[in-house]
Amino acid sequence: MTYDEIKKNKEVCECLKKGNENLGVLGFTDHSAAHCTMVAKRAAYILKKFGYSESDIEMVKIAGFMHDIGNVVNRSRHAEYGAILANEILKETDMSLKDRITVVSAIGHHDESTGGATDPISAALIIADKTDVRRNRVRNKAKENFDIHDRVNYAVTDAALKINMDKKVIALNLQIDTKICSMYEYFEIFLGRMMILMNRLQTPHEAFWMDISYWIERSHIRIIIRRLTYYRAFLVL
Ligand SMILES: [Fe+2]
């Protein structure tokens, strides 16, 4: 099973299409195949930069493309539903049991309300997903009806994910139009998303530390989340 094959898989594509339609009716931002493709590519970029193997990169691309299929069942618990759906779909392919379980686990843990990073695949998936903020994800055309998610996405006029290997930092640089969304609203959304990664700090066997620093300079936000492990230059937000 390859990323190119999963992108053409009818069941995956139909789940993403219907799930995204459901979310559109319910007033959510875009969670289409376009979003999932972006997440797959960004997660792959992160793992590649940090020197992970080609098979890990292929796995994270597959997880990235499939990660939101659970929206077809319900937005609530979509990560868990998506993991179960992904297991069924991937079971029918030639993917190894170990890789399938890794992908299923990453999908099942990608939502901040119930999940968290448990390995490099899930960590890269979460970073890629939570950093996809852009104006064209907003589907609500009436600005007066914007909710906070609409405002946060619509306010982003420029976004760039940068990786500095020497400093072991992944940085998300965002240009914000503060006439649309205040800094306070921005952090209200982003702090919740970033907490999903902070939860890992509670894992005692990991000798890593994390430092989260925020810089606010006028309308420019730079979010840097850094984590080091004792054994390798790991990710993560
Ligand atoms: Fe997503």
# chains A, B, ... in the order shown; residues from 1 in each chain; ligands from 1
>>> residues_near_ligand(ligand="ligand 1", cutoff="7 Å", atoms="only C-alpha atoms and all ligand atoms", output="ChimeraX atom specification")
/A:31,35-36,67-68,129
>>> write_last_selection(atoms="N, CA and C atoms", output="compact mmCIF listing (two decimals), in the first residue's frame")
# COMPACT_ATOMS: atom_id res chain seq x y z
N HIS A 31 -12.42 20.41 5.69
CA HIS A 31 -11.68 19.21 6.09
C HIS A 31 -11.66 18.23 4.92
N HIS A 35 -7.27 19.45 2.38
CA HIS A 35 -6.68 19.58 3.73
C HIS A 35 -5.85 18.34 4.05
N CYS A 36 -6.40 17.17 3.78
CA CYS A 36 -5.70 15.92 4.12
C CYS A 36 -4.42 15.74 3.31
N HIS A 67 -6.58 10.80 7.88
CA HIS A 67 -6.81 11.11 9.30
C HIS A 67 -8.21 11.66 9.61
N ASP A 68 -8.87 12.28 8.64
CA ASP A 68 -10.18 12.89 8.93
C ASP A 68 -11.36 12.09 8.38
N ASP A 129 -1.46 18.66 11.10
CA ASP A 129 -2.90 18.95 11.12
C ASP A 129 -3.18 20.28 11.81
>>> select_by_dssp(residues="range 121-168 of chain A", states="strand (DSSP E)", output="PyMOL selection string")
chain A and resi 156-164
>>> closest_residue(among="A:Ser105, A:Ser53, A:Asn140, A:Ser182", to="Val25 in chain A", atoms="only C-alpha atoms")
A:Asn140
>>> residues_around(residues="Asp111 in chain A", least_positions_apart="3", cutoff="10 Å", atoms="only C-alpha atoms", output="JSON, numbers by chain")
{"A": [67, 68, 76, 77, 78, 79, 80, 106, 107, 108, 114, 115, 116, 117, 126, 129, 130, 193, 196]}
>>> residues_around(residues="Phe28 in chain A", least_positions_apart="6", cutoff="12 Å", atoms="only C-alpha atoms", output="mmCIF file with C-alpha atoms, in the first residue's frame")
data_model
loop_
_atom_site.group_PDB
_atom_site.id
_atom_site.type_symbol
_atom_site.label_atom_id
_atom_site.label_comp_id
_atom_site.auth_asym_id
_atom_site.auth_seq_id
_atom_site.Cartn_x
_atom_site.Cartn_y
_atom_site.Cartn_z
ATOM 1 C CA GLY A 19 -17.478 13.850 6.004
ATOM 2 C CA ASN A 20 -16.459 17.230 4.649
ATOM 3 C CA GLU A 21 -19.962 17.872 3.308
ATOM 4 C CA ASN A 22 -21.398 17.055 6.749
ATOM 5 C CA ASN A 71 -15.963 12.880 10.146
ATOM 6 C CA ARG A 75 -17.365 15.141 14.206
ATOM 7 C CA ARG A 137 -10.402 26.794 4.885
ATOM 8 C CA VAL A 138 -13.274 29.106 5.848
ATOM 9 C CA ARG A 139 -16.500 28.147 4.090
ATOM 10 C CA ASN A 140 -18.844 30.544 5.813
ATOM 11 C CA PHE A 146 -18.001 33.910 11.635
ATOM 12 C CA ASP A 147 -17.295 31.862 14.733
ATOM 13 C CA ILE A 148 -13.892 31.910 16.408
ATOM 14 C CA HIS A 149 -12.537 29.118 14.154
ATOM 15 C CA ASP A 150 -13.610 31.020 11.064
ATOM 16 C CA ARG A 151 -12.010 34.221 12.335
ATOM 17 C CA ASN A 153 -8.383 30.887 9.894
#
>>> residues_around(residues="Leu85 in chain A", least_positions_apart="6", cutoff="9 Å", atoms="only C-alpha atoms", output="ChimeraX atom specification")
/A:12,69-70,104
>>> residues_around(residues="Asp56 in chain A", least_positions_apart="4", cutoff="9 Å", atoms="only C-alpha atoms", output="PyMOL selection string")
chain A and resi 44+47-48+52+60-61+99+120-121
>>> select_by_dssp(residues="range 3-230 of chain A", states="helix (DSSP H, G or I)", output="short mmCIF file (atom, residue, chain, number, x, y, z; two decimals) with N, CA and C atoms, in the first residue's frame")
data_model
loop_
_atom_site.label_atom_id
_atom_site.label_comp_id
_atom_site.auth_asym_id
_atom_site.auth_seq_id
_atom_site.Cartn_x
_atom_site.Cartn_y
_atom_site.Cartn_z
N TYR A 3 1.10 5.71 -0.63
CA TYR A 3 0.34 6.95 -0.51
C TYR A 3 -0.44 7.22 -1.80
N ASP A 4 0.20 7.01 -2.93
CA ASP A 4 -0.49 7.26 -4.21
C ASP A 4 -1.71 6.37 -4.35
N GLU A 5 -1.60 5.14 -3.87
CA GLU A 5 -2.74 4.21 -3.95
C GLU A 5 -3.87 4.65 -3.01
N ILE A 6 -3.52 5.05 -1.79
CA ILE A 6 -4.57 5.42 -0.83
C ILE A 6 -5.30 6.69 -1.29
N LYS A 7 -4.58 7.55 -1.99
CA LYS A 7 -5.22 8.78 -2.51
C LYS A 7 -6.29 8.45 -3.56
N LYS A 10 -11.32 4.48 -3.42
CA LYS A 10 -12.69 5.03 -3.51
C LYS A 10 -13.34 5.21 -2.15
N GLU A 11 -13.13 4.23 -1.26
CA GLU A 11 -13.78 4.29 0.06
C GLU A 11 -13.24 5.48 0.87
N VAL A 12 -11.94 5.65 0.83
CA VAL A 12 -11.34 6.77 1.56
C VAL A 12 -11.85 8.09 0.98
N CYS A 13 -11.83 8.20 -0.34
CA CYS A 13 -12.25 9.45 -0.98
C CYS A 13 -13.72 9.75 -0.70
N GLU A 14 -14.57 8.73 -0.73
CA GLU A 14 -16.00 8.95 -0.46
C GLU A 14 -16.23 9.34 1.00
N CYS A 15 -15.49 8.71 1.91
CA CYS A 15 -15.62 9.08 3.34
C CYS A 15 -15.20 10.53 3.54
N LEU A 16 -14.08 10.93 2.94
CA LEU A 16 -13.61 12.31 3.09
C LEU A 16 -14.62 13.29 2.50
N LYS A 17 -15.16 12.93 1.34
CA LYS A 17 -16.11 13.82 0.65
C LYS A 17 -17.37 14.01 1.50
N LYS A 18 -17.97 12.91 1.94
CA LYS A 18 -19.21 13.01 2.72
C LYS A 18 -18.94 13.65 4.10
N GLY A 19 -17.83 13.27 4.70
CA GLY A 19 -17.48 13.85 6.00
C GLY A 19 -17.31 15.35 5.91
N ASN A 20 -16.67 15.79 4.83
CA ASN A 20 -16.46 17.23 4.65
C ASN A 20 -17.77 17.95 4.34
N GLU A 21 -18.64 17.28 3.58
CA GLU A 21 -19.96 17.87 3.31
C GLU A 21 -20.74 18.03 4.62
N ASN A 22 -20.70 16.99 5.45
CA ASN A 22 -21.40 17.06 6.75
C ASN A 22 -20.89 18.25 7.56
N LEU A 23 -19.58 18.39 7.62
CA LEU A 23 -19.01 19.48 8.42
C LEU A 23 -19.37 20.84 7.84
N GLY A 24 -19.47 20.89 6.51
CA GLY A 24 -19.86 22.15 5.86
C GLY A 24 -21.26 22.57 6.29
N VAL A 25 -22.17 21.60 6.31
CA VAL A 25 -23.56 21.88 6.73
C VAL A 25 -23.59 22.32 8.19
N ALA A 33 -10.27 16.54 1.05
CA ALA A 33 -9.05 15.85 0.60
C ALA A 33 -7.91 16.85 0.43
N ALA A 34 -8.25 18.11 0.11
CA ALA A 34 -7.19 19.14 -0.03
C ALA A 34 -6.48 19.35 1.31
N HIS A 35 -7.27 19.45 2.38
CA HIS A 35 -6.68 19.58 3.73
C HIS A 35 -5.85 18.34 4.05
N CYS A 36 -6.40 17.17 3.78
CA CYS A 36 -5.70 15.92 4.12
C CYS A 36 -4.42 15.74 3.31
N THR A 37 -4.44 16.20 2.06
CA THR A 37 -3.23 16.13 1.23
C THR A 37 -2.16 17.06 1.80
N MET A 38 -2.59 18.24 2.21
CA MET A 38 -1.65 19.18 2.80
C MET A 38 -1.04 18.62 4.08
N VAL A 39 -1.89 18.00 4.90
CA VAL A 39 -1.41 17.39 6.15
C VAL A 39 -0.42 16.26 5.85
N ALA A 40 -0.74 15.43 4.86
CA ALA A 40 0.15 14.31 4.50
C ALA A 40 1.52 14.84 4.07
N LYS A 41 1.51 15.86 3.23
CA LYS A 41 2.78 16.39 2.72
C LYS A 41 3.59 17.09 3.82
N ARG A 42 2.89 17.82 4.67
CA ARG A 42 3.60 18.53 5.74
C ARG A 42 4.18 17.57 6.76
N ALA A 43 3.42 16.54 7.09
CA ALA A 43 3.91 15.54 8.06
C ALA A 43 5.12 14.80 7.48
N ALA A 44 5.06 14.52 6.17
CA ALA A 44 6.19 13.86 5.52
C ALA A 44 7.43 14.75 5.52
N TYR A 45 7.21 16.03 5.28
CA TYR A 45 8.31 17.01 5.29
C TYR A 45 8.99 17.04 6.66
N ILE A 46 8.17 17.01 7.71
CA ILE A 46 8.72 17.05 9.07
C ILE A 46 9.58 15.82 9.34
N LEU A 47 9.04 14.64 9.04
CA LEU A 47 9.81 13.42 9.30
C LEU A 47 11.07 13.34 8.43
N LYS A 48 10.96 13.79 7.20
CA LYS A 48 12.13 13.77 6.30
C LYS A 48 13.24 14.65 6.85
N LYS A 49 12.84 15.85 7.29
CA LYS A 49 13.82 16.80 7.85
C LYS A 49 14.55 16.21 9.05
N GLU A 54 12.30 6.13 4.92
CA GLU A 54 11.32 6.26 3.84
C GLU A 54 10.01 5.55 4.22
N SER A 55 10.11 4.41 4.93
CA SER A 55 8.87 3.70 5.27
C SER A 55 8.07 4.48 6.33
N ASP A 56 8.76 5.16 7.26
CA ASP A 56 8.04 6.02 8.22
C ASP A 56 7.35 7.17 7.48
N ILE A 57 8.06 7.72 6.50
CA ILE A 57 7.51 8.85 5.75
C ILE A 57 6.28 8.41 4.95
N GLU A 58 6.36 7.24 4.36
CA GLU A 58 5.21 6.73 3.60
C GLU A 58 4.03 6.49 4.54
N MET A 59 4.33 5.95 5.73
CA MET A 59 3.27 5.68 6.71
C MET A 59 2.58 6.97 7.15
N VAL A 60 3.37 8.01 7.40
CA VAL A 60 2.76 9.26 7.87
C VAL A 60 1.96 9.93 6.76
N LYS A 61 2.36 9.72 5.51
CA LYS A 61 1.58 10.26 4.40
C LYS A 61 0.23 9.55 4.32
N ILE A 62 0.23 8.25 4.50
CA ILE A 62 -1.03 7.48 4.46
C ILE A 62 -1.92 7.91 5.63
N ALA A 63 -1.33 8.01 6.82
CA ALA A 63 -2.09 8.45 8.00
C ALA A 63 -2.63 9.86 7.78
N GLY A 64 -1.81 10.72 7.20
CA GLY A 64 -2.20 12.11 6.95
C GLY A 64 -3.39 12.19 6.01
N PHE A 65 -3.35 11.42 4.94
CA PHE A 65 -4.46 11.50 3.98
C PHE A 65 -5.75 10.92 4.55
N MET A 66 -5.61 9.92 5.43
CA MET A 66 -6.81 9.26 5.97
C MET A 66 -7.31 9.87 7.29
N ILE A 69 -11.15 10.83 7.99
CA ILE A 69 -12.27 10.07 7.42
C ILE A 69 -13.39 9.83 8.44
N GLY A 70 -13.05 9.89 9.73
CA GLY A 70 -14.06 9.66 10.78
C GLY A 70 -15.14 10.71 10.84
N ASN A 71 -14.92 11.85 10.18
CA ASN A 71 -15.96 12.88 10.15
C ASN A 71 -17.22 12.38 9.46
N VAL A 72 -17.09 11.32 8.66
CA VAL A 72 -18.27 10.78 7.99
C VAL A 72 -19.23 10.14 9.01
N HIS A 78 -14.31 11.91 16.02
CA HIS A 78 -13.98 11.56 14.63
C HIS A 78 -12.63 10.86 14.52
N ALA A 79 -11.73 11.15 15.46
CA ALA A 79 -10.42 10.49 15.40
C ALA A 79 -10.57 8.98 15.64
N GLU A 80 -11.35 8.65 16.66
CA GLU A 80 -11.54 7.23 16.99
C GLU A 80 -12.31 6.49 15.89
N TYR A 81 -13.40 7.12 15.40
CA TYR A 81 -14.15 6.49 14.30
C TYR A 81 -13.25 6.33 13.07
N GLY A 82 -12.46 7.35 12.82
CA GLY A 82 -11.56 7.30 11.67
C GLY A 82 -10.56 6.17 11.78
N ALA A 83 -10.06 5.96 12.98
CA ALA A 83 -9.08 4.88 13.19
C ALA A 83 -9.71 3.52 12.89
N ILE A 84 -10.94 3.34 13.33
CA ILE A 84 -11.61 2.04 13.09
C ILE A 84 -11.89 1.86 11.60
N LEU A 85 -12.35 2.93 10.96
CA LEU A 85 -12.59 2.85 9.51
C LEU A 85 -11.28 2.56 8.77
N ALA A 86 -10.21 3.25 9.17
CA ALA A 86 -8.92 3.06 8.50
C ALA A 86 -8.43 1.62 8.67
N ASN A 87 -8.65 1.06 9.84
CA ASN A 87 -8.23 -0.33 10.07
C ASN A 87 -8.95 -1.28 9.10
N GLU A 88 -10.25 -1.06 8.93
CA GLU A 88 -11.03 -1.91 8.02
C GLU A 88 -10.53 -1.77 6.59
N ILE A 89 -10.29 -0.55 6.18
CA ILE A 89 -9.87 -0.31 4.79
C ILE A 89 -8.46 -0.88 4.56
N LEU A 90 -7.56 -0.62 5.48
CA LEU A 90 -6.16 -1.04 5.27
C LEU A 90 -5.99 -2.56 5.42
N LYS A 91 -6.92 -3.18 6.13
CA LYS A 91 -6.88 -4.63 6.29
C LYS A 91 -7.01 -5.34 4.94
N LEU A 97 0.94 -5.72 9.14
CA LEU A 97 0.15 -5.54 10.36
C LEU A 97 0.74 -4.42 11.23
N LYS A 98 2.06 -4.42 11.36
CA LYS A 98 2.73 -3.43 12.21
C LYS A 98 2.48 -2.00 11.69
N ASP A 99 2.64 -1.83 10.39
CA ASP A 99 2.43 -0.49 9.80
C ASP A 99 0.96 -0.08 9.92
N ARG A 100 0.08 -1.02 9.70
CA ARG A 100 -1.36 -0.70 9.79
C ARG A 100 -1.71 -0.24 11.20
N ILE A 101 -1.21 -0.93 12.18
CA ILE A 101 -1.52 -0.57 13.57
C ILE A 101 -0.92 0.80 13.91
N THR A 102 0.25 1.09 13.40
CA THR A 102 0.87 2.40 13.64
C THR A 102 0.01 3.52 13.03
N VAL A 103 -0.46 3.29 11.82
CA VAL A 103 -1.30 4.29 11.14
C VAL A 103 -2.63 4.46 11.89
N VAL A 104 -3.24 3.35 12.27
CA VAL A 104 -4.51 3.38 13.00
C VAL A 104 -4.35 4.14 14.32
N SER A 105 -3.26 3.86 15.01
CA SER A 105 -2.99 4.52 16.29
C SER A 105 -2.80 6.03 16.11
N ALA A 106 -2.07 6.42 15.08
CA ALA A 106 -1.84 7.86 14.84
C ALA A 106 -3.16 8.57 14.53
N ILE A 107 -3.99 7.96 13.71
CA ILE A 107 -5.29 8.58 13.37
C ILE A 107 -6.16 8.68 14.63
N GLY A 108 -6.18 7.64 15.42
CA GLY A 108 -7.02 7.61 16.62
C GLY A 108 -6.60 8.59 17.70
N PRO A 120 6.69 9.08 16.77
CA PRO A 120 6.99 10.11 15.75
C PRO A 120 5.92 10.25 14.67
N ILE A 121 5.28 9.14 14.30
CA ILE A 121 4.24 9.21 13.26
C ILE A 121 3.06 10.06 13.75
N SER A 122 2.59 9.77 14.97
CA SER A 122 1.45 10.53 15.47
C SER A 122 1.83 11.97 15.76
N ALA A 123 3.05 12.19 16.22
CA ALA A 123 3.50 13.56 16.51
C ALA A 123 3.52 14.39 15.23
N ALA A 124 4.10 13.84 14.17
CA ALA A 124 4.18 14.59 12.90
C ALA A 124 2.78 14.84 12.34
N LEU A 125 1.90 13.86 12.49
CA LEU A 125 0.52 14.03 12.01
C LEU A 125 -0.17 15.17 12.75
N ILE A 126 -0.03 15.19 14.06
CA ILE A 126 -0.68 16.24 14.85
C ILE A 126 -0.14 17.62 14.48
N ILE A 127 1.17 17.73 14.39
CA ILE A 127 1.76 19.04 14.05
C ILE A 127 1.24 19.51 12.69
N ALA A 128 1.27 18.60 11.71
CA ALA A 128 0.85 18.98 10.37
C ALA A 128 -0.62 19.39 10.36
N ASP A 129 -1.46 18.66 11.10
CA ASP A 129 -2.90 18.95 11.12
C ASP A 129 -3.18 20.28 11.81
N LYS A 130 -2.59 20.46 12.98
CA LYS A 130 -2.93 21.64 13.78
C LYS A 130 -2.31 22.92 13.24
N ARG A 135 -6.76 31.02 5.13
CA ARG A 135 -8.02 31.71 4.82
C ARG A 135 -9.00 30.84 4.04
N ASN A 136 -8.49 30.08 3.06
CA ASN A 136 -9.44 29.35 2.22
C ASN A 136 -9.99 28.08 2.88
N ARG A 137 -9.71 27.88 4.17
CA ARG A 137 -10.40 26.79 4.88
C ARG A 137 -11.78 27.27 5.37
N LYS A 143 -19.31 37.14 6.82
CA LYS A 143 -18.35 37.44 7.90
C LYS A 143 -19.03 37.71 9.24
N GLU A 144 -20.25 38.26 9.15
CA GLU A 144 -20.95 38.56 10.41
C GLU A 144 -21.33 37.29 11.16
N ASN A 145 -21.32 36.16 10.45
CA ASN A 145 -21.65 34.88 11.12
C ASN A 145 -20.41 34.08 11.50
N ILE A 148 -15.31 31.66 16.11
CA ILE A 148 -13.89 31.91 16.41
C ILE A 148 -12.96 31.13 15.46
N HIS A 149 -13.36 29.92 15.08
CA HIS A 149 -12.54 29.12 14.15
C HIS A 149 -12.46 29.78 12.78
N ASP A 150 -13.60 30.31 12.34
CA ASP A 150 -13.61 31.02 11.06
C ASP A 150 -12.69 32.23 11.14
N ARG A 151 -12.81 32.99 12.22
CA ARG A 151 -12.01 34.22 12.33
C ARG A 151 -10.53 33.92 12.37
N VAL A 152 -10.16 32.89 13.16
CA VAL A 152 -8.74 32.55 13.29
C VAL A 152 -8.15 32.14 11.94
N ASN A 153 -8.89 31.32 11.21
CA ASN A 153 -8.38 30.89 9.89
C ASN A 153 -8.40 32.03 8.89
N TYR A 154 -9.48 32.82 8.90
CA TYR A 154 -9.61 33.88 7.93
C TYR A 154 -8.59 34.99 8.15
N ALA A 155 -8.20 35.15 9.41
CA ALA A 155 -7.27 36.23 9.75
C ALA A 155 -5.84 35.96 9.28
N MET A 183 -5.46 38.87 19.00
CA MET A 183 -4.44 37.94 19.50
C MET A 183 -5.03 37.03 20.57
N TYR A 184 -5.91 37.59 21.38
CA TYR A 184 -6.50 36.79 22.46
C TYR A 184 -7.28 35.60 21.90
N GLU A 185 -8.04 35.88 20.84
CA GLU A 185 -8.81 34.80 20.22
C GLU A 185 -7.85 33.78 19.60
N TYR A 186 -6.79 34.29 19.02
CA TYR A 186 -5.84 33.39 18.40
C TYR A 186 -5.28 32.39 19.41
N PHE A 187 -4.89 32.93 20.54
CA PHE A 187 -4.31 32.04 21.56
C PHE A 187 -5.35 31.14 22.21
N GLU A 188 -6.59 31.63 22.24
CA GLU A 188 -7.66 30.79 22.79
C GLU A 188 -7.76 29.50 21.98
N ILE A 189 -7.62 29.59 20.69
CA ILE A 189 -7.66 28.41 19.82
C ILE A 189 -6.35 27.63 19.90
N PHE A 190 -5.26 28.35 19.77
CA PHE A 190 -3.99 27.64 19.61
C PHE A 190 -3.47 26.99 20.88
N LEU A 191 -3.75 27.59 22.00
CA LEU A 191 -3.25 26.97 23.23
C LEU A 191 -3.87 25.60 23.45
N GLY A 192 -5.16 25.49 23.13
CA GLY A 192 -5.83 24.19 23.26
C GLY A 192 -5.19 23.16 22.36
N ARG A 193 -4.89 23.56 21.15
CA ARG A 193 -4.28 22.64 20.20
C ARG A 193 -2.89 22.21 20.66
N MET A 194 -2.18 23.14 21.23
CA MET A 194 -0.81 22.81 21.62
C MET A 194 -0.76 21.97 22.90
N MET A 195 -1.82 22.04 23.67
CA MET A 195 -1.85 21.24 24.90
C MET A 195 -1.78 19.74 24.60
N ILE A 196 -2.28 19.36 23.45
CA ILE A 196 -2.26 17.95 23.07
C ILE A 196 -0.83 17.43 23.08
N LEU A 197 0.10 18.28 22.73
CA LEU A 197 1.50 17.84 22.72
C LEU A 197 2.15 17.98 24.09
N MET A 198 1.68 18.95 24.84
CA MET A 198 2.23 19.10 26.18
C MET A 198 1.89 17.92 27.08
N ASN A 199 0.78 17.27 26.78
CA ASN A 199 0.37 16.13 27.59
C ASN A 199 1.46 15.08 27.68
N ARG A 200 2.27 15.02 26.68
CA ARG A 200 3.33 14.00 26.68
C ARG A 200 4.35 14.24 27.78
N LEU A 201 4.40 15.44 28.26
CA LEU A 201 5.33 15.74 29.35
C LEU A 201 5.07 14.86 30.57
N GLN A 202 3.85 14.39 30.66
CA GLN A 202 3.51 13.57 31.82
C GLN A 202 4.03 12.14 31.71
#
